[in-house]
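Raw data_15.txt, compact mmCIF, C-alpha atoms and all ligand atoms:
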# COMPACT_ATOMS: atom_id res chain seq x y z
CA MET U 223 55.67 -81.91 116.95
CA ILE U 224 53.91 -79.02 115.27
CA ILE U 225 51.19 -79.17 112.63
CA VAL U 226 50.72 -76.15 110.38
CA LEU U 227 47.17 -76.05 109.01
CA LYS U 228 46.11 -74.73 105.61
CA GLU U 229 44.00 -71.56 105.49
CA ASN U 230 40.34 -72.06 106.44
CA PRO U 231 40.53 -75.76 107.22
CA ASP U 232 37.38 -77.84 106.98
CA GLN U 233 36.00 -77.84 110.55
CA LYS U 234 34.81 -81.45 110.45
CA GLN U 235 38.21 -82.74 109.34
CA LEU U 236 39.89 -80.58 111.97
CA ASN U 237 37.64 -82.01 114.69
CA ASN U 238 38.49 -85.54 113.52
CA LEU U 239 42.20 -84.77 113.67
CA THR U 240 41.90 -83.16 117.11
CA ASP U 241 39.94 -86.11 118.51
CA TRP U 242 42.41 -88.59 117.03
CA LEU U 243 45.41 -86.78 118.59
CA LYS U 244 43.68 -86.42 121.96
CA GLY U 245 42.83 -90.13 121.78
CA MET U 246 46.57 -90.77 121.69
CA GLY U 247 46.93 -88.93 124.99
CA LEU U 248 48.31 -85.73 123.50
CA ASP U 249 47.45 -82.18 124.53
CA ILE U 250 47.16 -79.55 121.85
CA HIS U 251 48.51 -76.06 122.16
CA TRP U 252 46.75 -73.81 119.62
CA SER U 253 48.38 -70.84 118.05
CA LYS U 254 46.04 -68.93 115.73
CA GLY U 255 47.43 -66.22 113.46
CA GLU U 256 45.60 -64.17 110.83
CA SER U 257 45.86 -66.78 108.11
CA THR U 258 47.75 -69.67 109.71
CA THR U 259 46.86 -71.96 112.56
CA ILE U 260 49.54 -74.02 114.25
CA MET U 261 48.84 -76.99 116.49
CA GLY U 262 51.60 -77.75 118.98
CA LEU U 263 51.42 -81.35 120.21
CA VAL U 264 52.38 -81.78 123.84
CA GLY U 265 53.21 -85.25 125.16
CA ASP U 266 54.85 -88.40 123.81
CA THR U 267 54.75 -88.02 120.01
CA THR U 268 57.03 -91.00 119.29
CA LYS U 269 54.03 -93.03 118.08
CA VAL U 270 52.57 -90.30 115.85
CA ASP U 271 52.82 -91.02 112.11
CA MET U 272 53.97 -87.72 110.58
CA ALA U 273 53.39 -88.86 107.00
CA LEU U 274 49.76 -89.75 107.76
CA ILE U 275 49.06 -86.27 109.14
CA GLU U 276 50.92 -84.57 106.32
CA ALA U 277 48.72 -86.37 103.81
CA LEU U 278 45.55 -84.75 105.20
CA ASP U 279 43.84 -82.08 103.05
CA ILE U 280 43.76 -79.56 105.88
CA VAL U 281 47.48 -79.84 106.70
CA GLU U 282 50.16 -77.63 105.16
CA ARG U 283 53.15 -79.31 106.83
CA VAL U 284 54.30 -81.17 109.93
CA ALA U 285 57.60 -80.75 111.79
CA ARG U 286 59.14 -82.76 114.55
CA ILE U 287 60.60 -80.73 117.41
CA GLN U 288 61.71 -83.76 119.39
CA GLU U 289 63.57 -86.82 118.12
CA PRO U 290 61.44 -89.94 117.53
CA PHE U 291 63.64 -92.05 119.84
CA LYS U 292 63.14 -91.94 123.57
CA ASN U 293 65.07 -94.67 125.39
CA ALA U 294 68.28 -93.89 123.50
CA ASN U 295 67.80 -90.12 123.84
CA ARG U 296 70.25 -88.20 125.99
CA LYS U 297 67.54 -85.65 126.77
CA PHE U 298 65.76 -88.23 128.92
CA HIS U 299 68.94 -89.86 130.24
CA PRO U 300 71.67 -87.21 130.49
CA LEU U 301 74.35 -89.41 132.03
CA ASP U 302 76.46 -91.74 129.90
CA THR U 303 75.47 -95.40 130.00
CA VAL U 304 78.29 -97.62 131.26
CA ILE U 305 78.09 -101.25 130.15
CA ASP U 306 79.98 -103.85 132.14
CA ILE U 307 81.00 -106.85 130.04
CA GLY U 308 82.48 -109.39 132.43
CA GLY U 309 84.50 -106.65 134.11
CA ALA U 310 85.34 -104.76 130.90
CA LYS U 311 83.46 -101.47 131.22
CA ILE U 312 82.61 -99.31 128.23
CA GLY U 313 81.09 -95.81 128.17
CA GLY U 314 81.18 -92.92 130.62
CA GLY U 315 84.94 -92.47 130.26
CA HIS U 316 85.71 -96.20 130.03
CA PHE U 317 87.43 -97.05 126.73
CA GLN U 318 87.59 -100.56 125.28
CA VAL U 319 89.27 -102.07 122.26
CA ILE U 320 87.65 -105.12 120.67
CA ALA U 321 90.19 -106.98 118.54
CA GLY U 322 90.47 -110.26 116.66
CA PRO U 323 90.16 -111.81 113.25
CA CYS U 324 87.36 -111.22 110.81
CA SER U 325 86.52 -114.94 110.89
CA VAL U 326 87.25 -117.67 113.39
CA GLU U 327 89.31 -120.14 111.33
CA SER U 328 90.63 -122.71 113.82
CA THR U 329 91.09 -123.15 117.57
CA GLU U 330 94.83 -122.47 117.26
CA GLN U 331 94.25 -119.31 115.23
CA ILE U 332 91.63 -117.76 117.52
CA CYS U 333 93.40 -118.75 120.75
CA GLY U 334 96.72 -117.41 119.43
CA VAL U 335 95.23 -114.08 118.35
CA ALA U 336 93.31 -113.84 121.64
CA VAL U 337 96.47 -114.13 123.71
CA ASP U 338 98.30 -111.64 121.47
CA VAL U 339 95.59 -108.95 121.48
CA LYS U 340 95.14 -109.33 125.23
CA ALA U 341 98.86 -108.81 125.77
CA ALA U 342 98.60 -105.65 123.64
CA GLY U 343 95.77 -104.29 125.83
CA ALA U 344 92.55 -105.31 124.07
CA GLY U 345 89.63 -105.73 126.46
CA LEU U 346 87.47 -107.99 124.29
CA LEU U 347 87.98 -110.59 121.58
CA ARG U 348 86.09 -110.57 118.29
CA GLY U 349 85.76 -113.28 115.66
CA GLY U 350 83.03 -114.09 113.17
CA ALA U 351 81.44 -117.54 113.24
CA PHE U 352 78.45 -116.68 111.04
CA LYS U 353 79.76 -114.50 108.22
CA PRO U 354 77.61 -112.20 106.08
CA ARG U 355 79.50 -112.47 102.77
CA THR U 356 78.53 -110.75 99.53
CA SER U 357 79.19 -113.93 97.57
CA PRO U 358 77.54 -117.24 98.49
CA TYR U 359 80.76 -118.93 97.27
CA ALA U 360 82.98 -117.06 99.77
CA PHE U 361 83.86 -118.57 103.17
CA GLN U 362 80.65 -118.52 105.23
CA GLY U 363 82.19 -119.07 108.66
CA LEU U 364 82.52 -122.15 110.88
CA ARG U 365 79.10 -121.46 112.41
CA ALA U 366 78.40 -123.40 115.65
CA LYS U 367 81.96 -124.81 115.67
CA GLY U 368 83.32 -121.28 115.35
CA ILE U 369 81.44 -120.24 118.49
CA GLU U 370 82.91 -123.24 120.35
CA MET U 371 86.39 -122.13 119.26
CA LEU U 372 85.67 -118.62 120.48
CA GLU U 373 84.62 -120.08 123.84
CA ALA U 374 87.95 -121.92 123.98
CA ALA U 375 89.76 -118.64 123.24
CA LYS U 376 87.80 -116.94 126.02
CA GLU U 377 88.98 -119.70 128.35
CA ALA U 378 92.58 -119.38 127.14
CA SER U 379 92.81 -115.59 127.31
CA GLY U 380 90.19 -114.53 129.84
CA LEU U 381 88.79 -112.06 127.29
CA PRO U 382 85.01 -111.67 126.88
CA ILE U 383 83.90 -112.59 123.34
CA VAL U 384 81.98 -110.68 120.67
CA THR U 385 80.44 -112.39 117.64
CA GLU U 386 77.76 -111.71 115.06
CA VAL U 387 74.29 -113.22 114.91
CA MET U 388 72.56 -113.37 111.53
CA ASP U 389 69.45 -115.35 112.35
CA ILE U 390 67.09 -115.39 115.32
CA ASN U 391 67.10 -119.22 115.20
CA HIS U 392 70.81 -119.28 115.96
CA LEU U 393 70.46 -117.35 119.23
CA PRO U 394 70.54 -120.47 121.48
CA LEU U 395 74.15 -120.96 120.30
CA PHE U 396 75.06 -117.54 121.75
CA GLU U 397 74.48 -118.42 125.41
CA ASN U 398 78.16 -118.08 126.37
CA VAL U 399 78.82 -115.16 124.04
CA ASP U 400 79.39 -111.96 126.03
CA VAL U 401 78.38 -109.42 123.37
CA ILE U 402 76.10 -110.22 120.44
CA GLN U 403 76.98 -108.26 117.32
CA VAL U 404 74.36 -107.11 114.84
CA GLY U 405 76.18 -106.54 111.56
CA ALA U 406 75.68 -103.62 109.22
CA ARG U 407 73.51 -105.71 106.90
CA ASN U 408 71.11 -106.53 109.72
CA MET U 409 70.82 -103.09 111.30
CA GLN U 410 67.22 -102.91 110.17
CA ASN U 411 66.29 -106.56 110.72
CA PHE U 412 63.57 -105.43 113.08
CA GLU U 413 62.40 -108.88 114.16
CA LEU U 414 65.97 -109.72 115.18
CA LEU U 415 66.31 -106.41 117.02
CA LYS U 416 63.05 -107.02 118.89
CA GLU U 417 64.24 -110.48 119.97
CA LEU U 418 67.57 -109.06 121.17
CA GLY U 419 65.56 -106.50 123.12
CA THR U 420 64.20 -109.29 125.31
CA MET U 421 67.69 -110.57 126.21
CA ASP U 422 69.92 -109.55 129.10
CA LYS U 423 73.10 -109.32 127.05
CA PRO U 424 75.04 -106.39 125.60
CA ILE U 425 74.40 -105.83 121.89
CA LEU U 426 76.96 -104.31 119.53
CA LEU U 427 74.89 -102.63 116.83
CA LYS U 428 76.74 -101.67 113.66
CA ARG U 429 75.55 -98.85 111.43
CA GLY U 430 73.98 -99.99 108.15
CA LEU U 431 75.80 -99.42 104.88
CA ALA U 432 73.37 -96.74 103.78
CA ASN U 433 71.61 -95.67 106.93
CA THR U 434 71.24 -92.25 108.46
CA LEU U 435 72.19 -91.59 112.05
CA GLU U 436 68.52 -91.19 112.93
CA GLU U 437 67.78 -94.64 111.49
CA PHE U 438 70.77 -95.99 113.44
CA LEU U 439 69.38 -94.57 116.68
CA MET U 440 65.91 -95.89 115.86
CA SER U 441 67.41 -99.40 115.53
CA ALA U 442 68.99 -99.00 118.97
CA GLU U 443 65.56 -97.87 120.13
CA TYR U 444 64.04 -101.16 118.89
CA ILE U 445 66.37 -103.11 121.18
CA MET U 446 65.88 -100.76 124.11
CA ALA U 447 62.08 -100.63 123.74
CA GLY U 448 62.08 -104.36 124.55
CA GLY U 449 63.89 -103.69 127.84
CA ASN U 450 67.52 -104.33 126.90
CA GLU U 451 69.36 -101.09 127.54
CA LYS U 452 72.84 -102.49 126.92
CA VAL U 453 73.45 -101.26 123.41
CA ILE U 454 76.83 -100.22 121.99
CA LEU U 455 76.75 -98.29 118.70
CA CYS U 456 79.47 -98.90 116.11
CA GLU U 457 80.26 -96.57 113.20
CA ARG U 458 81.83 -98.74 110.48
CA GLY U 459 81.72 -96.55 107.41
CA ILE U 460 78.94 -95.91 104.93
CA ARG U 461 78.51 -96.37 101.20
CA THR U 462 79.31 -93.23 99.19
CA PHE U 463 80.48 -92.52 95.63
CA GLU U 464 84.10 -93.00 96.78
CA ARG U 465 85.62 -96.30 95.65
CA ALA U 466 89.21 -95.86 96.87
CA THR U 467 88.26 -97.11 100.31
CA ARG U 468 85.83 -99.94 101.06
CA ASN U 469 83.47 -97.50 102.77
CA THR U 470 83.65 -93.87 103.84
CA LEU U 471 84.29 -93.50 107.55
CA ASP U 472 81.82 -90.97 108.93
CA LEU U 473 83.83 -89.77 111.89
CA SER U 474 81.51 -86.87 112.57
CA ALA U 475 79.02 -89.56 113.59
CA VAL U 476 80.97 -89.96 116.83
CA PRO U 477 80.49 -86.50 118.38
CA TYR U 478 77.03 -86.25 116.79
CA LEU U 479 75.85 -89.54 118.31
CA LYS U 480 77.47 -88.73 121.66
CA LYS U 481 75.39 -85.57 121.80
CA GLN U 482 72.15 -87.35 120.84
CA THR U 483 72.51 -90.46 122.95
CA HIS U 484 73.92 -91.70 126.25
CA LEU U 485 74.92 -95.05 124.70
CA PRO U 486 78.61 -95.90 124.14
CA VAL U 487 79.83 -95.23 120.59
CA ILE U 488 82.76 -97.11 119.06
CA VAL U 489 84.44 -97.05 115.64
CA ASP U 490 85.53 -99.90 113.36
CA PRO U 491 88.25 -98.49 111.08
CA SER U 492 88.91 -101.94 109.56
CA HIS U 493 85.60 -102.34 107.72
CA ALA U 494 85.38 -98.58 107.22
CA THR U 495 88.55 -98.43 105.11
CA GLY U 496 89.22 -102.01 103.96
CA ILE U 497 92.95 -101.19 103.88
CA ALA U 498 95.31 -102.20 106.70
CA ALA U 499 97.55 -99.14 106.24
CA LEU U 500 94.57 -96.83 106.88
CA VAL U 501 93.45 -98.55 110.07
CA ARG U 502 95.99 -96.90 112.36
CA PRO U 503 95.39 -93.27 111.32
CA MET U 504 91.61 -93.72 111.40
CA ALA U 505 91.74 -95.51 114.77
CA LEU U 506 93.69 -92.60 116.21
CA ALA U 507 91.32 -90.06 114.64
CA ALA U 508 88.33 -91.93 116.08
CA THR U 509 89.94 -91.94 119.51
CA ALA U 510 90.62 -88.22 119.27
CA ALA U 511 87.01 -87.61 118.17
CA GLY U 512 85.78 -89.05 121.46
CA ALA U 513 84.86 -92.65 120.63
CA ASP U 514 84.34 -94.93 123.64
CA GLY U 515 86.26 -97.69 121.95
CA LEU U 516 87.46 -99.33 118.76
CA MET U 517 86.91 -102.57 116.91
CA ILE U 518 90.01 -103.68 115.02
CA GLU U 519 90.55 -106.75 112.87
CA VAL U 520 93.78 -108.55 113.79
CA HIS U 521 95.04 -111.73 112.11
CA ASN U 522 98.14 -113.84 112.78
CA ASP U 523 98.66 -114.29 109.01
CA PRO U 524 96.64 -111.66 107.08
CA ALA U 525 97.92 -112.82 103.67
CA HIS U 526 96.21 -116.18 104.19
CA ALA U 527 93.10 -115.00 106.08
CA LEU U 528 89.85 -116.62 104.95
CA SER U 529 88.17 -113.19 104.98
CA ASP U 530 89.21 -109.52 105.12
CA GLY U 531 92.98 -110.14 105.14
CA ALA U 532 93.63 -106.85 103.32
CA GLN U 533 92.28 -104.82 106.23
CA SER U 534 93.71 -106.94 109.05
CA LEU U 535 96.61 -105.85 111.23
CA LYS U 536 99.31 -108.24 112.36
CA PRO U 537 99.52 -108.66 116.16
CA GLU U 538 102.69 -106.53 116.35
CA GLU U 539 101.06 -103.73 114.33
CA PHE U 540 98.07 -103.90 116.63
CA SER U 541 100.31 -103.70 119.68
CA ASP U 542 102.03 -100.64 118.25
CA LEU U 543 98.66 -99.03 117.54
CA MET U 544 97.50 -99.68 121.12
CA GLY U 545 100.48 -97.73 122.42
CA ALA U 546 99.55 -94.75 120.25
CA VAL U 547 95.86 -94.95 121.23
CA LYS U 548 96.79 -94.90 124.92
CA ALA U 549 99.06 -91.92 124.35
CA ILE U 550 96.35 -89.77 122.77
CA ARG U 551 93.43 -90.86 124.97
CA PRO U 552 94.00 -88.08 127.54
CA TYR U 553 93.61 -85.48 124.77
CA SER U 554 90.55 -86.97 123.10
CA HIS U 555 87.32 -85.03 122.93
CA GLN U 556 84.97 -85.87 125.77
CA TYR U 557 81.28 -85.23 125.65
CA HIS U 558 80.03 -83.21 128.57
CA LYS U 559 76.50 -82.26 129.41
CA GLY U 560 75.46 -78.97 127.83
CA GLN U 561 78.31 -78.99 125.35
C1 LIG V 601 82.20 -107.78 111.00
O1 LIG V 601 82.43 -106.98 111.93
O2 LIG V 601 82.62 -108.93 110.99
C2 LIG V 601 81.39 -107.33 109.86
C3 LIG V 601 80.90 -108.19 108.97
O3 LIG V 601 81.22 -106.01 109.80
P1 LIG V 601 80.05 -105.15 109.12
O4 LIG V 601 78.75 -105.74 109.55
O5 LIG V 601 80.29 -103.78 109.68
O6 LIG V 601 80.27 -105.21 107.65
MN MN V 602 85.56 -108.51 108.47

So that I can check it, write out the structure of this file as structure tokens.
Amino acid sequence: MIIVLKENPDQKQLNNLTDWLKGMGLDIHWSKGESTTIMGLVGDTTKVDMALIEALDIVERVARIQEPFKNANRKFHPLDTVIDIGGAKIGGGHFQVIAGPCSVESTEQICGVAVDVKAAGAGLLRGGAFKPRTSPYAFQGLRAKGIEMLEAAKEASGLPIVTEVMDINHLPLFENVDVIQVGARNMQNFELLKELGTMDKPILLKRGLANTLEEFLMSAEYIMAGGNEKVILCERGIRTFERATRNTLDLSAVPYLKKQTHLPVIVDPSHATGIAALVRPMALAATAAGADGLMIEVHNDPAHALSDGAQSLKPEEFSDLMGAVKAIRPYSHQYHKGQ
């Protein structure tokens, strides 16, 4: 971080600032020009409040040289993180597809879809039990019963299960869940992130509807700062002025994030587009862009789905897509150190 001082700064205020920075364990590299003085802060500046310094009378401006996230930063951890989820590895060249319905609706439904997506090559099963719906009158999920049904589907198919948590108090229900999902609407639920940071379970963190990539990485940092390094990032589209699609899929997030972080990055083209016909092209594009995996909504009967039927693939469409994904995987962009 560098601090550019105003001309002729008040010496007392400058001493206060210097003492305060040194008190945080930082060294200061001074660079004094004819009219401008620049302070270069050396050390861990992740805890320094830029806005506070910028507000001081003697300061012209402050600039960060290094990103404010450390655990998630590739600079401090150059090799890709590989997360092993009950034998399904993701990251570092391992590609995984998470597939299943938006909501768990019944034991028959989730077990049937589980067997179908496994046969098509999916490595993990998804299904929402606690659903974050815009309307309080929309289907809210089967809650604890939904998780039990997912556990039955895990038993029936052998696939590890992924489901969303919306409330810290519900976490005891997630004991047998293999990957806990943090939905877009909770990306900045910091108390939840901190709690997940104390757990020894992979976390699938979805990008918030209107969050920058730096904010996304800072949310991953919350989980990692607590000691849980098993974080998978999921780009799922962001809110823009475009209304033709449910969200706007920010595919450039994939190579950007892969450069910034060692964590696996996956893409959810279902929530990103909201339209089943767009899922296949966007899934292929995400694969080509170097994603470490995909999350795809698959339903046995999309027309009668209790949520997100319009964006859900039928099992046979999913199977067809898996064939195409496998075919282009060898040509997809891979992040390499120094690239
Ligand atoms: C989901 O994956 O079920 C979901 C609700 O997605 P998002 O949080 O990305 O909207
Ligand atoms: Mn959904």

Spatial neighbours of Asn238 (chain U), 12 Å, all atoms listed in the file, chain gap at least 6 places, as a PyMOL selection string: chain U and resi 231-232+244-245+275+278+280

Just-selected residues, C-alpha atoms written as an mmCIF file, in the coordinates of the input:
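Ended up saving to again.cif:
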data_model
loop_
_atom_site.group_PDB
_atom_site.id
_atom_site.type_symbol
_atom_site.label_atom_id
_atom_site.label_comp_id
_atom_site.auth_asym_id
_atom_site.auth_seq_id
_atom_site.Cartn_x
_atom_site.Cartn_y
_atom_site.Cartn_z
ATOM 1 C CA PRO U 231 40.530 -75.760 107.220
ATOM 2 C CA ASP U 232 37.380 -77.840 106.980
ATOM 3 C CA LYS U 244 43.680 -86.420 121.960
ATOM 4 C CA GLY U 245 42.830 -90.130 121.780
ATOM 5 C CA ILE U 275 49.060 -86.270 109.140
ATOM 6 C CA LEU U 278 45.550 -84.750 105.200
ATOM 7 C CA ILE U 280 43.760 -79.560 105.880
#

Residue contacts of Val326 (chain U) (8 Å, only C-alpha atoms) excluding same-chain residues fewer than 3 positions away, as a list of chain:residue names: U:Pro323, U:Thr329, U:Gln331, U:Ile332, U:Gly349, U:Gly350, U:Ala351, U:Gly363, U:Leu364, U:Gly368, U:Met371, U:Leu372

Who sits within 9 Å of Val501 (chain U), all atoms listed in the file, same chain under 4 positions skipped, as a list of chain:residue names: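 Surrounding residues, per the criterion: U:Asp490, U:Pro491, U:Ser492, U:Ala494, U:Thr495, U:Gly496, U:Ile497, U:Ala505, U:Leu506, U:Ile518, U:Gln533, U:Ser534, U:Leu535.
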
Could you list the protein, DNA and RNA residues that have any atom within 9 Å of ligand LIG 601 (chain V), counting all atoms listed in the file, and write them as a PDB file with C-alpha atoms, keeping the file's coordinate frame?
ATOM      1  CA  PRO U 323      90.160-111.810 113.250  1.00  0.00           C
ATOM      2  CA  CYS U 324      87.360-111.220 110.810  1.00  0.00           C
ATOM      3  CA  SER U 325      86.520-114.940 110.890  1.00  0.00           C
ATOM      4  CA  ARG U 348      86.090-110.570 118.290  1.00  0.00           C
ATOM      5  CA  GLY U 349      85.760-113.280 115.660  1.00  0.00           C
ATOM      6  CA  GLY U 350      83.030-114.090 113.170  1.00  0.00           C
ATOM      7  CA  ALA U 351      81.440-117.540 113.240  1.00  0.00           C
ATOM      8  CA  PHE U 352      78.450-116.680 111.040  1.00  0.00           C
ATOM      9  CA  LYS U 353      79.760-114.500 108.220  1.00  0.00           C
ATOM     10  CA  PRO U 354      77.610-112.200 106.080  1.00  0.00           C
ATOM     11  CA  ARG U 355      79.500-112.470 102.770  1.00  0.00           C
ATOM     12  CA  THR U 385      80.440-112.390 117.640  1.00  0.00           C
ATOM     13  CA  GLU U 386      77.760-111.710 115.060  1.00  0.00           C
ATOM     14  CA  GLN U 403      76.980-108.260 117.320  1.00  0.00           C
ATOM     15  CA  VAL U 404      74.360-107.110 114.840  1.00  0.00           C
ATOM     16  CA  GLY U 405      76.180-106.540 111.560  1.00  0.00           C
ATOM     17  CA  ALA U 406      75.680-103.620 109.220  1.00  0.00           C
ATOM     18  CA  ARG U 407      73.510-105.710 106.900  1.00  0.00           C
ATOM     19  CA  ASN U 408      71.110-106.530 109.720  1.00  0.00           C
ATOM     20  CA  MET U 409      70.820-103.090 111.300  1.00  0.00           C
ATOM     21  CA  LEU U 427      74.890-102.630 116.830  1.00  0.00           C
ATOM     22  CA  LYS U 428      76.740-101.670 113.660  1.00  0.00           C
ATOM     23  CA  ARG U 429      75.550 -98.850 111.430  1.00  0.00           C
ATOM     24  CA  GLY U 430      73.980 -99.990 108.150  1.00  0.00           C
ATOM     25  CA  LEU U 431      75.800 -99.420 104.880  1.00  0.00           C
ATOM     26  CA  CYS U 456      79.470 -98.900 116.110  1.00  0.00           C
ATOM     27  CA  GLU U 457      80.260 -96.570 113.200  1.00  0.00           C
ATOM     28  CA  ARG U 458      81.830 -98.740 110.480  1.00  0.00           C
ATOM     29  CA  GLY U 459      81.720 -96.550 107.410  1.00  0.00           C
ATOM     30  CA  ASP U 490      85.530 -99.900 113.360  1.00  0.00           C
ATOM     31  CA  SER U 492      88.910-101.940 109.560  1.00  0.00           C
ATOM     32  CA  HIS U 493      85.600-102.340 107.720  1.00  0.00           C
ATOM     33  CA  ALA U 494      85.380 -98.580 107.220  1.00  0.00           C
ATOM     34  CA  MET U 517      86.910-102.570 116.910  1.00  0.00           C
ATOM     35  CA  ILE U 518      90.010-103.680 115.020  1.00  0.00           C
ATOM     36  CA  GLU U 519      90.550-106.750 112.870  1.00  0.00           C
ATOM     37  CA  ASP U 530      89.210-109.520 105.120  1.00  0.00           C
TER      38      ASP U 530
END

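Distance check against Met272 (chain U) using all atoms listed in the file: of U:Gln235, U:Gly334, U:Ser257, U:Met223, the minimum falls on U:Met223.
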
Given all atoms listed in the file as the counted atoms, nearest of U:Ala499, U:Pro537, U:Tyr557, U:Leu455 to Ala511 (chain U):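 The shortest atom-to-atom distance to Ala511 (chain U) comes from U:Tyr557.
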
Nearest to Tyr478 (chain U), chosen from U:Asn391, U:Asn450, U:Thr240, U:Gln556, with all atoms listed in the file counted in the distances: U:Gln556

Selection: 7 Å around region 311-319 of chain U, all atoms listed in the file, excl. self and same-chain fewer than 4 positions, as a list of chain:residue names: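 The neighbour list is U:Asp302, U:Thr303, U:Val304, U:Ile305, U:Asp306, U:Ile307, U:Ala344, U:Gly345, U:Leu346, U:Pro486, U:Asp514, U:Gly515, U:Leu516, U:Met517.
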
Between CA of Ile488 (chain U) and CA of Ala508 (chain U), distance in Å (one decimal): 8.2 Å

Nearest to Ser529 (chain U), chosen from U:Leu236, U:Ile550, U:Ala360, U:Val387, with only C-alpha atoms counted in the distances: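 The closest residue to Ser529 (chain U) is U:Ala360.
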
Straight-line distance linking CA of Ile369 (chain U) with CA of Val399 (chain U), stated in Å to one decimal: 8.0 Å

Which residue of U:Met246, U:Leu543, U:Ala525, U:Glu417 approaches Pro503 (chain U) most closely, using only C-alpha atoms: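 Comparing U:Met246, U:Leu543, U:Ala525, U:Glu417 against Pro503 (chain U), the winner is U:Leu543.
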
Residue list as a VMD selection string for point (72.7, -107.1, 127.3), cut-off 8 Å, all atoms listed in the file: chain U and resid 401 421 to 425 450 to 453

U:His521, U:Trp242, U:Leu473, U:Gly448 ranked by distance to ligand MN 602 (chain V), top pick (using all atoms listed in the file):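 Looking only at the distances to ligand MN 602 (chain V), the closest residue turns out to be U:His521.
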
Distance in Å - CA of Leu393 (chain U) versus CA of Thr420 (chain U): 11.9 Å

Residue rebuild result region 443-455 of chain U, N, CA, C and O atoms as a PDB file, in the coordinates of the input:
ATOM      1  N   GLU U 443      66.822 -98.054 119.412  1.00  0.00           N
ATOM      2  CA  GLU U 443      65.560 -97.870 120.130  1.00  0.00           C
ATOM      3  C   GLU U 443      64.727 -99.167 120.111  1.00  0.00           C
ATOM      4  O   GLU U 443      64.078 -99.506 121.094  1.00  0.00           O
ATOM      5  N   TYR U 444      64.750 -99.871 118.987  1.00  0.00           N
ATOM      6  CA  TYR U 444      64.040-101.160 118.890  1.00  0.00           C
ATOM      7  C   TYR U 444      64.493-102.109 119.987  1.00  0.00           C
ATOM      8  O   TYR U 444      63.699-102.784 120.624  1.00  0.00           O
ATOM      9  N   ILE U 445      65.825-102.195 120.173  1.00  0.00           N
ATOM     10  CA  ILE U 445      66.370-103.110 121.180  1.00  0.00           C
ATOM     11  C   ILE U 445      65.987-102.620 122.578  1.00  0.00           C
ATOM     12  O   ILE U 445      65.512-103.381 123.422  1.00  0.00           O
ATOM     13  N   MET U 446      66.125-101.323 122.789  1.00  0.00           N
ATOM     14  CA  MET U 446      65.880-100.760 124.110  1.00  0.00           C
ATOM     15  C   MET U 446      64.397-100.791 124.484  1.00  0.00           C
ATOM     16  O   MET U 446      64.044-100.961 125.653  1.00  0.00           O
ATOM     17  N   ALA U 447      63.527-100.630 123.470  1.00  0.00           N
ATOM     18  CA  ALA U 447      62.080-100.630 123.740  1.00  0.00           C
ATOM     19  C   ALA U 447      61.653-101.975 124.319  1.00  0.00           C
ATOM     20  O   ALA U 447      60.667-102.068 125.045  1.00  0.00           O
ATOM     21  N   GLY U 448      62.410-103.035 124.031  1.00  0.00           N
ATOM     22  CA  GLY U 448      62.080-104.360 124.550  1.00  0.00           C
ATOM     23  C   GLY U 448      62.627-104.557 125.964  1.00  0.00           C
ATOM     24  O   GLY U 448      62.398-105.601 126.578  1.00  0.00           O
ATOM     25  N   GLY U 449      63.385-103.600 126.466  1.00  0.00           N
ATOM     26  CA  GLY U 449      63.890-103.690 127.840  1.00  0.00           C
ATOM     27  C   GLY U 449      65.384-103.878 127.947  1.00  0.00           C
ATOM     28  O   GLY U 449      65.945-103.792 129.039  1.00  0.00           O
ATOM     29  N   ASN U 450      66.065-104.158 126.840  1.00  0.00           N
ATOM     30  CA  ASN U 450      67.520-104.330 126.900  1.00  0.00           C
ATOM     31  C   ASN U 450      68.199-102.986 126.626  1.00  0.00           C
ATOM     32  O   ASN U 450      68.188-102.491 125.506  1.00  0.00           O
ATOM     33  N   GLU U 451      68.767-102.431 127.667  1.00  0.00           N
ATOM     34  CA  GLU U 451      69.360-101.090 127.540  1.00  0.00           C
ATOM     35  C   GLU U 451      70.843-101.134 127.226  1.00  0.00           C
ATOM     36  O   GLU U 451      71.494-100.118 127.105  1.00  0.00           O
ATOM     37  N   LYS U 452      71.394-102.362 127.133  1.00  0.00           N
ATOM     38  CA  LYS U 452      72.840-102.490 126.920  1.00  0.00           C
ATOM     39  C   LYS U 452      73.176-102.507 125.438  1.00  0.00           C
ATOM     40  O   LYS U 452      73.405-103.576 124.858  1.00  0.00           O
ATOM     41  N   VAL U 453      73.175-101.346 124.841  1.00  0.00           N
ATOM     42  CA  VAL U 453      73.450-101.260 123.410  1.00  0.00           C
ATOM     43  C   VAL U 453      74.695-100.410 123.178  1.00  0.00           C
ATOM     44  O   VAL U 453      74.827 -99.322 123.740  1.00  0.00           O
ATOM     45  N   ILE U 454      75.619-100.947 122.377  1.00  0.00           N
ATOM     46  CA  ILE U 454      76.830-100.220 121.990  1.00  0.00           C
ATOM     47  C   ILE U 454      76.685 -99.923 120.502  1.00  0.00           C
ATOM     48  O   ILE U 454      76.395-100.831 119.711  1.00  0.00           O
ATOM     49  N   LEU U 455      76.873 -98.663 120.116  1.00  0.00           N
ATOM     50  CA  LEU U 455      76.750 -98.290 118.700  1.00  0.00           C
ATOM     51  C   LEU U 455      78.128 -98.337 118.053  1.00  0.00           C
ATOM     52  O   LEU U 455      79.118 -97.935 118.662  1.00  0.00           O
TER      53      LEU U 455
END
